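Data block for coords-v9.txt (compact mmCIF, C-alpha atoms and all ligand atoms):
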# COMPACT_ATOMS: atom_id res chain seq x y z
CA MET A 150 -6.78 -5.80 3.46
CA ALA A 151 -3.13 -6.75 3.74
CA PHE A 152 -0.68 -8.44 1.41
CA ASN A 153 -1.74 -11.67 3.10
CA ASP A 154 -5.34 -11.10 2.04
CA ILE A 155 -4.35 -10.90 -1.61
CA ILE A 156 -4.57 -14.41 -3.01
CA GLY A 157 -1.43 -15.81 -4.62
CA HIS A 158 1.38 -13.70 -6.15
CA GLU A 159 3.73 -14.63 -3.29
CA ARG A 160 6.90 -13.69 -5.16
CA GLN A 161 5.55 -10.29 -6.16
CA LYS A 162 4.40 -9.52 -2.62
CA ARG A 163 7.76 -10.59 -1.18
CA PHE A 164 9.59 -8.34 -3.62
CA LEU A 165 7.46 -5.29 -2.72
CA THR A 166 7.74 -6.02 1.00
CA TYR A 167 11.50 -6.21 0.62
CA LEU A 168 11.56 -2.82 -1.11
CA LEU A 169 9.39 -1.29 1.61
CA GLU A 170 11.64 -2.64 4.34
CA ARG A 171 14.78 -1.51 2.60
CA GLY A 172 13.26 1.88 1.87
CA ASN A 173 14.88 2.21 -1.51
CA ILE A 174 11.84 2.24 -3.75
CA PRO A 175 11.93 2.68 -7.54
CA HIS A 176 9.98 5.68 -8.76
CA ALA A 177 7.90 3.74 -11.26
CA PHE A 178 6.45 0.24 -11.42
CA LEU A 179 4.71 -1.48 -14.27
CA LEU A 180 2.25 -4.06 -12.96
CA CYS A 181 1.09 -6.26 -15.78
CA GLY A 182 -1.07 -9.34 -16.08
CA GLN A 183 -4.65 -10.20 -16.95
CA GLU A 184 -7.59 -8.28 -15.52
CA GLY A 185 -9.00 -9.04 -12.09
CA ILE A 186 -6.08 -10.89 -10.52
CA GLY A 187 -5.08 -8.36 -7.86
CA LYS A 188 -2.65 -5.89 -9.47
CA ARG A 189 -4.51 -2.82 -8.25
CA LYS A 190 -5.10 -4.31 -4.82
CA THR A 191 -1.39 -4.95 -4.55
CA ALA A 192 -0.56 -1.35 -5.49
CA LEU A 193 -3.10 -0.04 -2.96
CA GLU A 194 -1.68 -2.24 -0.23
CA PHE A 195 1.79 -0.99 -1.08
CA ALA A 196 0.54 2.60 -0.70
CA ARG A 197 -1.03 1.72 2.62
CA ARG A 198 2.20 0.36 4.04
CA LEU A 199 4.09 3.33 2.71
CA PHE A 200 1.72 5.87 4.27
CA CYS A 201 0.93 3.96 7.49
CA LEU A 202 2.20 5.83 10.53
CA LYS A 203 3.47 2.51 11.94
CA LYS A 204 4.77 1.42 8.53
CA THR A 205 2.87 -1.87 8.84
CA GLY A 206 -0.42 -1.08 7.09
CA CYS A 207 -2.02 -1.43 10.54
CA GLY A 208 -5.48 -0.43 9.33
CA GLU A 209 -6.03 1.70 12.43
CA CYS A 210 -3.84 4.78 12.23
CA ARG A 211 -5.02 8.05 10.68
CA ALA A 212 -3.22 7.38 7.40
CA CYS A 213 -4.58 3.83 7.02
CA VAL A 214 -8.14 4.95 7.80
CA LYS A 215 -7.96 7.75 5.24
CA LEU A 216 -6.54 5.42 2.65
CA ASP A 217 -9.26 2.85 3.24
CA ARG A 218 -11.88 5.58 2.89
CA GLY A 219 -10.32 6.65 -0.38
CA SER A 220 -9.60 10.11 1.00
CA HIS A 221 -5.83 10.12 1.47
CA PRO A 222 -4.56 13.25 -0.28
CA ASP A 223 -1.25 11.65 -1.31
CA LEU A 224 -2.84 8.80 -3.21
CA VAL A 225 -3.78 9.73 -6.76
CA ILE A 226 -5.73 7.20 -8.80
CA ILE A 227 -6.27 7.68 -12.51
CA GLU A 228 -8.58 5.23 -14.16
CA ARG A 229 -10.36 4.74 -17.37
CA GLU A 230 -13.42 6.66 -18.34
CA GLY A 231 -13.24 6.03 -22.03
CA SER A 232 -9.54 6.70 -22.23
CA ILE A 233 -6.80 8.38 -20.22
CA GLY A 234 -6.21 11.68 -21.95
CA ILE A 235 -3.85 14.60 -21.95
CA ASP A 236 -5.79 16.31 -19.14
CA ASN A 237 -5.00 13.39 -16.86
CA SER A 238 -1.30 13.60 -17.68
CA ARG A 239 -1.26 17.35 -17.10
CA MET A 240 -3.00 16.87 -13.77
CA ILE A 241 -0.38 14.28 -12.78
CA ALA A 242 2.47 16.56 -13.84
CA LYS A 243 1.10 19.38 -11.73
CA GLU A 244 0.39 17.14 -8.75
CA VAL A 245 3.82 15.49 -8.62
CA SER A 246 5.63 18.82 -8.74
CA GLU A 247 4.17 19.74 -5.36
CA HIS A 248 5.26 18.28 -2.05
CA PRO A 249 2.97 15.56 -0.66
CA PHE A 250 0.38 16.87 1.79
CA GLU A 251 0.41 14.44 4.70
CA SER A 252 2.94 11.73 4.03
CA ASP A 253 6.48 12.25 2.84
CA LYS A 254 5.62 10.21 -0.26
CA ARG A 255 2.98 10.24 -2.94
CA VAL A 256 1.63 7.24 -4.85
CA ILE A 257 0.12 7.64 -8.30
CA ILE A 258 -1.81 4.67 -9.63
CA ILE A 259 -2.67 4.67 -13.33
CA ASP A 260 -5.08 1.82 -13.94
CA ASN A 261 -5.93 0.45 -17.39
CA ALA A 262 -2.91 2.38 -18.62
CA GLU A 263 -3.26 0.83 -22.08
CA THR A 264 -6.14 3.24 -22.68
CA MET A 265 -3.78 6.22 -22.56
CA THR A 266 -3.88 8.31 -25.70
CA MET A 267 -0.55 8.88 -27.44
CA GLU A 268 -0.61 12.49 -26.33
CA ALA A 269 -1.21 11.46 -22.72
CA ALA A 270 1.56 8.88 -22.89
CA ASN A 271 4.04 11.44 -24.21
CA ALA A 272 3.17 13.89 -21.46
CA LEU A 273 3.47 11.15 -18.83
CA LEU A 274 6.83 10.16 -20.25
CA LYS A 275 8.14 13.68 -19.60
CA THR A 276 7.09 13.33 -15.96
CA LEU A 277 8.70 9.91 -15.66
CA GLU A 278 11.93 11.18 -17.16
CA GLU A 279 12.43 13.75 -14.42
CA PRO A 280 10.34 12.57 -11.51
CA PRO A 281 10.43 14.59 -8.28
CA PRO A 282 11.94 12.26 -5.64
CA TYR A 283 8.94 11.61 -3.39
CA ASN A 284 6.63 10.18 -6.07
CA HIS A 285 6.02 6.52 -6.85
CA PHE A 286 4.09 5.53 -9.95
CA PHE A 287 2.17 2.30 -10.42
CA ILE A 288 1.28 1.86 -14.05
CA ILE A 289 -1.19 -0.99 -14.25
CA THR A 290 -2.17 -2.81 -17.43
CA SER A 291 -3.64 -6.03 -18.71
CA SER A 292 -2.16 -5.36 -22.13
CA GLU A 293 1.51 -4.63 -21.68
CA ARG A 294 2.40 -4.46 -25.35
CA GLU A 295 0.10 -1.47 -25.76
CA ILE A 296 2.20 0.58 -23.35
CA PRO A 297 4.86 2.51 -25.28
CA MET A 298 8.33 1.06 -24.90
CA THR A 299 9.63 4.47 -23.80
CA ILE A 300 7.39 4.29 -20.73
CA ARG A 301 7.95 0.60 -20.04
CA SER A 302 11.70 1.05 -20.08
CA ARG A 303 11.46 3.53 -17.19
CA CYS A 304 9.54 1.19 -14.92
CA SER A 305 10.38 -1.75 -12.68
CA ARG A 306 8.26 -4.47 -14.20
CA ILE A 307 6.29 -6.82 -12.00
CA ALA A 308 4.37 -9.48 -13.90
CA PHE A 309 1.34 -11.15 -12.33
CA SER A 310 0.48 -14.66 -13.44
CA PRO A 311 -3.05 -16.06 -13.54
CA LEU A 312 -3.99 -17.77 -10.30
CA ALA A 313 -3.97 -21.55 -10.08
CA ARG A 314 -7.28 -23.38 -10.27
CA GLU A 315 -6.91 -24.60 -6.69
CA GLN A 316 -6.35 -21.04 -5.40
CA LEU A 317 -9.54 -19.88 -7.10
CA GLU A 318 -11.48 -22.90 -5.92
CA THR A 319 -10.48 -22.20 -2.32
CA TYR A 320 -11.45 -18.56 -2.76
CA PHE A 321 -14.90 -19.39 -4.11
CA MET A 322 -15.61 -22.16 -1.57
CA THR A 323 -17.26 -19.58 0.68
CA ASP A 324 -20.70 -21.13 1.08
CA GLY A 325 -19.51 -24.71 0.91
CA ASP A 326 -20.77 -25.39 -2.59
CA GLN A 327 -17.84 -27.28 -4.05
CA HIS A 328 -19.54 -27.89 -7.38
CA GLN A 329 -20.09 -24.16 -7.86
CA ALA A 330 -16.57 -23.30 -6.65
CA ARG A 331 -15.06 -25.74 -9.13
CA LEU A 332 -17.11 -24.34 -12.01
CA LEU A 333 -16.22 -20.73 -11.12
CA SER A 334 -12.53 -21.61 -10.91
CA SER A 335 -12.80 -23.19 -14.36
CA ILE A 336 -14.62 -20.37 -16.15
CA SER A 337 -12.67 -17.48 -14.66
CA PHE A 338 -9.30 -18.19 -16.26
CA GLY A 339 -7.17 -17.48 -13.23
CA SER A 340 -8.90 -14.20 -12.38
CA ILE A 341 -10.81 -13.58 -9.15
CA GLY A 342 -12.43 -10.51 -10.70
CA CYS A 343 -13.74 -12.68 -13.50
CA GLY A 344 -15.12 -15.25 -11.04
CA ILE A 345 -16.89 -12.53 -9.06
CA PHE A 346 -18.55 -11.37 -12.28
CA TRP A 347 -19.96 -14.86 -12.89
CA GLN A 348 -21.08 -15.18 -9.27
CA ASP A 349 -23.73 -12.61 -10.10
CA GLU A 350 -26.89 -14.52 -10.99
CA ASP A 351 -27.96 -12.19 -13.80
CA ASN A 352 -24.56 -12.40 -15.47
CA PHE A 353 -24.48 -16.15 -15.08
CA SER A 354 -27.93 -16.60 -16.58
CA LEU A 355 -27.15 -14.31 -19.52
CA ARG A 356 -24.11 -16.51 -20.16
CA GLU A 357 -26.40 -19.55 -20.50
CA LYS A 358 -28.80 -17.68 -22.73
CA LEU A 359 -25.98 -16.61 -25.03
CA ALA A 360 -24.78 -20.20 -25.28
CA ALA A 361 -28.29 -21.38 -26.15
CA ALA A 362 -28.65 -18.62 -28.71
CA VAL A 363 -25.45 -19.43 -30.58
CA CYS A 364 -26.53 -23.07 -30.64
CA GLY A 365 -29.59 -21.91 -32.58
CA LYS A 366 -32.21 -22.25 -29.81
CA ASP A 367 -33.71 -18.86 -30.59
CA LYS A 368 -32.52 -17.16 -33.73
CA SER A 369 -35.09 -14.39 -33.91
CA PHE A 370 -33.56 -10.98 -34.48
CA VAL A 371 -35.38 -9.54 -31.49
CA ALA A 372 -33.98 -12.21 -29.18
CA LEU A 373 -30.41 -11.83 -30.42
CA SER A 374 -30.60 -8.06 -30.33
CA SER A 375 -31.86 -8.05 -26.76
CA LEU A 376 -29.12 -10.46 -25.65
CA ALA A 377 -26.55 -8.27 -27.37
CA GLU A 378 -27.89 -5.17 -25.65
CA ARG A 379 -27.53 -6.71 -22.19
CA ALA A 380 -24.14 -8.27 -22.87
CA SER A 381 -22.74 -5.01 -24.17
CA ALA A 382 -23.94 -2.83 -21.30
CA THR A 383 -20.39 -1.89 -20.24
CA ASP A 384 -16.83 -2.23 -21.54
CA HIS A 385 -16.23 -4.78 -18.84
CA SER A 386 -19.29 -6.92 -19.60
CA VAL A 387 -18.41 -6.95 -23.30
CA THR A 388 -14.97 -8.33 -22.50
CA MET A 389 -16.45 -10.95 -20.19
CA TYR A 390 -19.09 -12.22 -22.63
CA LEU A 391 -16.77 -12.23 -25.63
CA THR A 392 -14.18 -14.17 -23.65
CA PHE A 393 -16.92 -16.57 -22.64
CA LEU A 394 -18.13 -17.03 -26.22
CA LEU A 395 -14.61 -17.77 -27.38
CA SER A 396 -14.16 -20.38 -24.65
CA PHE A 397 -17.57 -21.86 -25.49
CA PHE A 398 -16.62 -22.38 -29.14
CA ARG A 399 -13.29 -23.80 -28.04
CA ASP A 400 -15.26 -26.27 -25.92
CA ILE A 401 -17.48 -27.23 -28.86
CA PHE A 402 -14.32 -27.85 -30.84
CA VAL A 403 -12.72 -29.94 -28.09
CA ARG A 404 -15.92 -31.90 -27.55
CA LYS A 405 -16.21 -32.61 -31.26
CA THR A 406 -12.60 -33.57 -31.89
CA THR A 407 -11.86 -35.52 -28.70
CA GLY A 408 -15.36 -36.58 -27.63
CA GLU A 409 -14.23 -35.81 -24.08
CA MET A 410 -15.85 -33.62 -21.47
CA SER A 411 -12.86 -33.57 -19.14
CA PHE A 412 -10.99 -30.96 -21.22
CA VAL A 413 -13.96 -28.64 -21.38
CA THR A 414 -14.04 -25.26 -19.59
CA ASN A 415 -17.80 -24.70 -19.47
CA ALA A 416 -18.72 -28.04 -17.95
CA ASP A 417 -22.19 -26.83 -16.87
CA LEU A 418 -23.17 -26.34 -20.52
CA GLU A 419 -22.55 -29.99 -21.40
CA ASP A 420 -25.99 -30.45 -22.96
CA LEU A 421 -25.48 -27.59 -25.38
CA LEU A 422 -21.94 -28.66 -26.23
CA GLY A 423 -22.93 -32.19 -27.13
CA ASP A 424 -26.08 -31.01 -28.81
CA ALA A 425 -24.28 -28.69 -31.18
CA ALA A 426 -24.04 -31.06 -34.13
CA SER A 427 -21.29 -28.81 -35.15
CA ASP A 428 -19.32 -28.58 -38.33
CA LEU A 429 -15.75 -27.35 -38.28
CA PRO A 430 -16.21 -24.41 -40.67
CA TRP A 431 -18.91 -23.01 -38.37
CA ILE A 432 -16.71 -23.39 -35.28
CA GLU A 433 -13.60 -21.96 -36.87
CA GLY A 434 -15.44 -19.14 -38.63
CA SER A 435 -17.18 -18.19 -35.39
CA MET A 436 -13.95 -18.15 -33.38
CA LYS A 437 -12.37 -15.91 -35.96
CA ARG A 438 -15.32 -13.57 -35.84
CA ILE A 439 -15.27 -13.38 -32.04
CA GLN A 440 -11.57 -12.53 -32.05
CA GLU A 441 -12.15 -9.90 -34.70
CA THR A 442 -15.00 -8.46 -32.61
CA MET A 443 -12.71 -8.30 -29.55
CA ARG A 444 -10.31 -6.25 -31.61
CA ILE A 445 -12.99 -3.88 -32.92
CA MET A 446 -14.42 -3.31 -29.43
CA ARG A 447 -11.22 -1.56 -28.41
CA TYR A 448 -12.17 1.32 -30.63
CA ASN A 449 -14.90 3.80 -29.93
CA VAL A 450 -17.74 1.80 -31.51
CA ASN A 451 -21.40 1.17 -30.79
CA ARG A 452 -20.89 -1.95 -28.67
CA TRP A 453 -24.50 -3.07 -28.94
CA LEU A 454 -24.55 -3.01 -32.74
CA VAL A 455 -21.19 -4.75 -33.02
CA PHE A 456 -22.24 -7.47 -30.56
CA GLU A 457 -25.58 -7.91 -32.32
CA ASN A 458 -23.83 -8.28 -35.65
CA LEU A 459 -21.58 -10.94 -34.13
CA LEU A 460 -24.50 -12.96 -32.74
CA ILE A 461 -26.36 -12.84 -36.04
CA HIS A 462 -23.35 -14.32 -37.77
CA VAL A 463 -22.32 -16.99 -35.28
CA ALA A 464 -25.76 -18.28 -34.25
CA ARG A 465 -26.19 -21.68 -35.85
CA ASP A 466 -29.03 -22.29 -38.33
ZN ZN B 1 -1.51 2.34 9.76
Before anything else, please render the file you have as structure tokens.
Ligand SMILES: [Zn+2]
Amino acid sequence: MAFNDIIGHERQKRFLTYLLERGNIPHAFLLCGQEGIGKRKTALEFARRLFCLKKTGCGECRACVKLDRGSHPDLVIIEREGSIGIDNSRMIAKEVSEHPFESDKRVIIIDNAETMTMEAANALLKTLEEPPPYNHFFIITSSEREIPMTIRSRCSRIAFSPLAREQLETYFMTDGDQHQARLLSSISFGSIGCGIFWQDEDNFSLREKLAAAVCGKDKSFVALSSLAERASATDHSVTMYLTFLLSFFRDIFVRKTTGEMSFVTNADLEDLLGDAASDLPWIEGSMKRIQETMRIMRYNVNRWLVFENLLIHVARD
């Protein structure tokens, strides 16, 4: 992995490379932009170049090898397991007060930082206010507005834009299936991570089953409940399937109002889209419900029950 292997984000990579070369690196960055587009990869690559004994991210020196194995003692990664709590912030505060072990710098990556509790955010803020000189923070989020302003204002902000369709298509053209690459680039909304999720056959087939279910192909409670159970298996899968459902209803709306297929995201589901002899109140009501469900899912709820409740309400008669 090198900056060159990260697709797109040329401006962002140039900026970070410039900072590395100049050696005057801000103590905190805020990397924001939707999930799965390479923010964390970029932060990791930055750490690699910083720690690399040749300062190139050679991939061969002791520091690079350790970093690639995930065992470099000066790289601290905090990520979501439910939410980032006060214990995490205390651990960071303790860690940063000590001198790095092997490098002369330390990198702290806080991924999904929007899940920080208020208590954790306040404790982190204290650390950011008086950071020991050899620490560099990467605060990563797909939901910037949920990061307290007090923290944001102490970071150099680097925004990541969704990738272009063509960039994704090139990325997914691995086995020469252009039709598949084009579809993946369309349904992944600028995110490689999202496309990789849909490359998985089980995920892709559940997507089709959900579409069929909301179009009223099988409205039995047992069927809907079982779909909901699978779709809600993890936080990540919930986000993916809810985003899909929203785009699917948007497609039904577009198909109904314009009669066109060329504006549609989920082109492979054409049969279902046309087939949904859909009335506007159903479409609009369903979209509202999906958005509401997305909001509720951020709280500590029973994902399966909430998803099941959604399907029962949006599945057409
Ligand atoms: Zn190296």
Per-residue nearest contacts of chain A to ligand ZN 1 (chain B) (8 Å; all atoms listed in the file) as CSV:
residue,atom,partner,partner_atom,distance
A:Arg197,CA,B:ZN1,ZN,7.2
A:Arg198,CA,B:ZN1,ZN,7.1
A:Phe200,CA,B:ZN1,ZN,7.3
A:Cys201,CA,B:ZN1,ZN,3.7
A:Leu202,CA,B:ZN1,ZN,5.2
A:Lys203,CA,B:ZN1,ZN,5.4
A:Lys204,CA,B:ZN1,ZN,6.5
A:Thr205,CA,B:ZN1,ZN,6.1
A:Gly206,CA,B:ZN1,ZN,4.5
A:Cys207,CA,B:ZN1,ZN,3.9
A:Gly208,CA,B:ZN1,ZN,4.9
A:Glu209,CA,B:ZN1,ZN,5.3
A:Cys210,CA,B:ZN1,ZN,4.2
A:Arg211,CA,B:ZN1,ZN,6.8
A:Ala212,CA,B:ZN1,ZN,5.8
A:Cys213,CA,B:ZN1,ZN,4.4
A:Val214,CA,B:ZN1,ZN,7.4
Expected file contents, prior selection, C-alpha atoms, as a PDB file, in the coordinates of the input:
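What ended up in out_34.pdb:
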ATOM      1  CA  ARG A 197      -1.030   1.720   2.620  1.00  0.00           C
ATOM      2  CA  ARG A 198       2.200   0.360   4.040  1.00  0.00           C
ATOM      3  CA  PHE A 200       1.720   5.870   4.270  1.00  0.00           C
ATOM      4  CA  CYS A 201       0.930   3.960   7.490  1.00  0.00           C
ATOM      5  CA  LEU A 202       2.200   5.830  10.530  1.00  0.00           C
ATOM      6  CA  LYS A 203       3.470   2.510  11.940  1.00  0.00           C
ATOM      7  CA  LYS A 204       4.770   1.420   8.530  1.00  0.00           C
ATOM      8  CA  THR A 205       2.870  -1.870   8.840  1.00  0.00           C
ATOM      9  CA  GLY A 206      -0.420  -1.080   7.090  1.00  0.00           C
ATOM     10  CA  CYS A 207      -2.020  -1.430  10.540  1.00  0.00           C
ATOM     11  CA  GLY A 208      -5.480  -0.430   9.330  1.00  0.00           C
ATOM     12  CA  GLU A 209      -6.030   1.700  12.430  1.00  0.00           C
ATOM     13  CA  CYS A 210      -3.840   4.780  12.230  1.00  0.00           C
ATOM     14  CA  ARG A 211      -5.020   8.050  10.680  1.00  0.00           C
ATOM     15  CA  ALA A 212      -3.220   7.380   7.400  1.00  0.00           C
ATOM     16  CA  CYS A 213      -4.580   3.830   7.020  1.00  0.00           C
ATOM     17  CA  VAL A 214      -8.140   4.950   7.800  1.00  0.00           C
TER      18      VAL A 214
END
Which polymer residues have any atom within 9 Å of an atom of segment 257-264 of chain A, counting only C-alpha atoms, with same-chain residues fewer than 6 positions away left out, as a short mmCIF file (atom, residue, chain, number, x, y, z; two decimals) with C-alpha atoms, keeping the file's coordinate frame?
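Written output follows (part35.cif):
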data_model
loop_
_atom_site.label_atom_id
_atom_site.label_comp_id
_atom_site.auth_asym_id
_atom_site.auth_seq_id
_atom_site.Cartn_x
_atom_site.Cartn_y
_atom_site.Cartn_z
CA ARG A 189 -4.51 -2.82 -8.25
CA ALA A 192 -0.56 -1.35 -5.49
CA LEU A 193 -3.10 -0.04 -2.96
CA ASP A 223 -1.25 11.65 -1.31
CA LEU A 224 -2.84 8.80 -3.21
CA VAL A 225 -3.78 9.73 -6.76
CA ILE A 226 -5.73 7.20 -8.80
CA ILE A 227 -6.27 7.68 -12.51
CA GLU A 228 -8.58 5.23 -14.16
CA ARG A 229 -10.36 4.74 -17.37
CA GLY A 231 -13.24 6.03 -22.03
CA SER A 232 -9.54 6.70 -22.23
CA ILE A 233 -6.80 8.38 -20.22
CA GLY A 234 -6.21 11.68 -21.95
CA ILE A 241 -0.38 14.28 -12.78
CA VAL A 245 3.82 15.49 -8.62
CA ALA A 270 1.56 8.88 -22.89
CA ASN A 284 6.63 10.18 -6.07
CA HIS A 285 6.02 6.52 -6.85
CA PHE A 286 4.09 5.53 -9.95
CA PHE A 287 2.17 2.30 -10.42
CA ILE A 288 1.28 1.86 -14.05
CA ILE A 289 -1.19 -0.99 -14.25
CA THR A 290 -2.17 -2.81 -17.43
CA SER A 291 -3.64 -6.03 -18.71
CA SER A 292 -2.16 -5.36 -22.13
CA GLU A 293 1.51 -4.63 -21.68
CA ARG A 294 2.40 -4.46 -25.35
CA GLU A 295 0.10 -1.47 -25.76
CA ILE A 296 2.20 0.58 -23.35
CA PRO A 297 4.86 2.51 -25.28
#
Point-to-point distance from atom CA of Lys188 of chain A to atom CA of Lys275 of chain A, Å rounded to tenths
24.5 Å
For a test of reading the model, state the distance in Å between atom CA of Glu357 of chain A and atom CA of Leu418 of chain A, rounded to one decimal.
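A separation of 7.5 Å between them.
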Please build the interface table for segment 356-391 of chain A against segment 453-463 of chain A with a cut-off of 6 Å, listing for each qualifying residue the nearest atom pair and the distance in Å to one decimal; count only C-alpha atoms, order rows by chain and increasing number, and write it as JSON lines.
{"residue": "A:Ser374", "atom": "CA", "partner": "A:Glu457", "partner_atom": "CA", "distance": 5.4}
{"residue": "A:Ala377", "atom": "CA", "partner": "A:Glu457", "partner_atom": "CA", "distance": 5.1}
{"residue": "A:Glu378", "atom": "CA", "partner": "A:Trp453", "partner_atom": "CA", "distance": 5.2}
{"residue": "A:Ser381", "atom": "CA", "partner": "A:Trp453", "partner_atom": "CA", "distance": 5.4}
Distance atom CA of Phe321 of chain A-atom CA of Gly344 of chain A, one decimal place?
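Interatomic distance here is 8.1 Å.
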I'd like the neighbourhood of segment 157-172 of chain A as an mmCIF file with C-alpha atoms, in the coordinates of the input, where a residue qualifies if any of its atoms comes within 10 Å (using all atoms listed in the file), though same-chain residues fewer than 4 positions away should be ignored.
data_model
loop_
_atom_site.group_PDB
_atom_site.id
_atom_site.type_symbol
_atom_site.label_atom_id
_atom_site.label_comp_id
_atom_site.auth_asym_id
_atom_site.auth_seq_id
_atom_site.Cartn_x
_atom_site.Cartn_y
_atom_site.Cartn_z
ATOM 1 C CA PHE A 152 -0.680 -8.440 1.410
ATOM 2 C CA ASN A 153 -1.740 -11.670 3.100
ATOM 3 C CA LEU A 180 2.250 -4.060 -12.960
ATOM 4 C CA ILE A 186 -6.080 -10.890 -10.520
ATOM 5 C CA GLY A 187 -5.080 -8.360 -7.860
ATOM 6 C CA LYS A 188 -2.650 -5.890 -9.470
ATOM 7 C CA THR A 191 -1.390 -4.950 -4.550
ATOM 8 C CA ALA A 192 -0.560 -1.350 -5.490
ATOM 9 C CA GLU A 194 -1.680 -2.240 -0.230
ATOM 10 C CA PHE A 195 1.790 -0.990 -1.080
ATOM 11 C CA ALA A 196 0.540 2.600 -0.700
ATOM 12 C CA ARG A 198 2.200 0.360 4.040
ATOM 13 C CA LEU A 199 4.090 3.330 2.710
ATOM 14 C CA LYS A 204 4.770 1.420 8.530
ATOM 15 C CA THR A 205 2.870 -1.870 8.840
ATOM 16 C CA ILE A 307 6.290 -6.820 -12.000
ATOM 17 C CA ALA A 308 4.370 -9.480 -13.900
ATOM 18 C CA PHE A 309 1.340 -11.150 -12.330
ATOM 19 C CA SER A 310 0.480 -14.660 -13.440
ATOM 20 C CA PRO A 311 -3.050 -16.060 -13.540
ATOM 21 C CA LEU A 312 -3.990 -17.770 -10.300
ATOM 22 C CA ALA A 313 -3.970 -21.550 -10.080
ATOM 23 C CA GLN A 316 -6.350 -21.040 -5.400
ATOM 24 C CA LEU A 317 -9.540 -19.880 -7.100
#
As lines of an AutoDock Vina configuration file: centre and edge lengths in Å, one decimal, of the axis-aligned box holding segment 329-336 of chain A with 4 Å per side:
center_x = -16.3
center_y = -23.1
center_z = -11.4
size_x = 15.6
size_y = 13.4
size_z = 17.5
Pick from A:Arg379, A:Arg306, A:His385, A:His248: nearest to Pro175 of chain A, with only C-alpha atoms counted?
A:Arg306
